[in-house]
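**Q** Would you mind keeping the following structure in view while I ask a few things?
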Amino acid sequence: MRLTAFVLKSFAQSRGFIYIDPKELVTAKDWIIQHQKEDGSFPAVGRILNKDIQGGIHGKISLTAYVVAALLETGLSSEEEKAAVGKAKHFLETNTYSADDPYTTALSAYALTLLRSKHAPVALRKLNNMAIMQGGYLSSGLGCHLPVLVACLHWFPQTVNMRRRLGGH
């Protein structure tokens, strides 16, 4: 699932530079949507042999947030796609308080912001509350620094609004 979402997102970002057959994007989106669970989440399908390419994506919440972001960034062209994203939005909103690590919380905040959800600020506050100060830097406590991530999430809503005003999606 995560690899298909990653390729979908990569192809969508490449459209401005090379020809990407729109049918391939639709096929990938259809495959993703066919695997959506009744609760709105997207399950891990298949297995990853190299865990390094997985990043921090583990569990239903982070995978669902990642898939939703990929679908939204690719663009929704059918009612089925919009309905699937709506179900996933409900799942993410319902599980806003269940995310228990910085990576999952950050992905959820990003996806909820893209979705214009009223839960996005809640997820961002939760992420800020997870951060701890170490050596003058905000840290996740897991060995990685958060200042860039937190700054990006603070600025993200303004960036989305500006992109929309300029004609982007």
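Order determines the names: the first chain of the structure tokens is A, the second B, and so forth; residues in each chain are numbered 1 upward, and ligands are numbered 1 upward as they are shown.
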Quick one: residues within 7 Å of Pro102 of chain A, only C-alpha atoms, excluding same-chain residues fewer than 2 positions away - as a ChimeraX atom specification?

**A** /A:100,104-106,127,130,140

**Q** For the residues in the current selection, export N, CA, C and O atoms as a CSV table (one decimal), in the first residue's frame.

**A**
```csv
chain,number,residue,atom,x,y,z
A,100,ASP,N,0.3,8.1,18.9
A,100,ASP,CA,1.1,8.2,20.1
A,100,ASP,C,2.6,8.4,19.9
A,100,ASP,O,3.4,8.3,20.8
A,104,THR,N,3.6,9.7,13.5
A,104,THR,CA,2.2,9.5,13.1
A,104,THR,C,1.4,10.8,13.4
A,104,THR,O,0.5,11.1,12.5
A,105,THR,N,1.7,11.5,14.4
A,105,THR,CA,1.0,12.8,14.7
A,105,THR,C,1.3,13.8,13.6
A,105,THR,O,0.4,14.5,13.2
A,106,ALA,N,2.5,13.9,13.2
A,106,ALA,CA,2.9,14.8,12.1
A,106,ALA,C,2.2,14.5,10.8
A,106,ALA,O,1.6,15.4,10.1
A,127,LEU,N,1.3,17.5,18.5
A,127,LEU,CA,2.7,17.3,18.1
A,127,LEU,C,3.6,18.3,18.9
A,127,LEU,O,4.7,17.9,19.3
A,130,MET,N,4.3,17.0,22.2
A,130,MET,CA,5.2,15.9,22.3
A,130,MET,C,6.7,16.3,22.2
A,130,MET,O,7.6,15.6,22.7
A,140,SER,N,12.0,15.1,19.2
A,140,SER,CA,10.9,14.2,19.4
A,140,SER,C,11.1,13.3,20.6
A,140,SER,O,10.3,12.5,21.0
```

**Q** I'd like to know which residues of segment 48-119 of chain A are helix (DSSP H, G or I) (by DSSP, run on the backbone); could you write them as a PyMOL selection string?

**A** chain A and resi 51-54+60-74+79-94+102-114

**Q** Which residue gives the smallest distance to Thr27 of chain A among A:Ala99, A:Ala131, A:Ile61, A:Val7, with only C-alpha atoms counted?

**A**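 Of A:Ala99, A:Ala131, A:Ile61, A:Val7, the one nearest Thr27 of chain A is A:Val7, counting only C-alpha atoms.
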
**Q** Looking at A:Val67, A:Ile132, A:Val26, A:Val85, which one is nearest to Thr4 of chain A, with distances taken over only C-alpha atoms?

**A**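 Closest candidate: A:Val67.
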
**Q** Which one is closest to Ala88 of chain A: A:Asp101, A:Asp30, A:Asp39, A:Glu24? Count only C-alpha atoms.

**A**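 Looking only at the distances to Ala88 of chain A, the closest residue turns out to be A:Asp39.
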
**Q** When distances are computed from only C-alpha atoms, which of A:Lys87, A:Arg116, A:His35, A:Lys29 shows the smallest separation from Ala5 of chain A?

**A**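 When distances to Ala5 of chain A are compared using only C-alpha atoms, the smallest one comes from A:Lys29.
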
**Q** May I have the residues within 8 Å of Met1 of chain A as a list in words, using only C-alpha atoms and disregarding those fewer than 2 positions away in the same chain?

**A**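 Surrounding residues, per the criterion: Leu3, Thr4, Ala5, Ile32, Phe42, Pro43, Ala44, Val45, Gly46 and Val67 of chain A.
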
**Q** Could you work out how far atom CA of Leu25 of chain A lies from atom CA of Ser78 of chain A, giving the answer in Å with one decimal?

**A**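 Atom-to-atom, atom CA of Ser78 of chain A to atom CA of Leu25 of chain A, that is 12.3 Å.
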
**Q** With distances taken over only C-alpha atoms, which residue among A:Leu63, A:Phe17, A:His119, A:Glu80 lies nearest Ile33 of chain A?

**A**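 Of all the options, A:Glu80 lies closest to Ile33 of chain A.
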
**Q** Which residues are close to Gln13 of chain A, i.e. within 9 Å by only C-alpha atoms, leaving aside same-chain residues fewer than 4 positions away? Reply as a list in words.

**A** Leu8, Lys9, Phe17, Glu73 and Thr74 of chain A
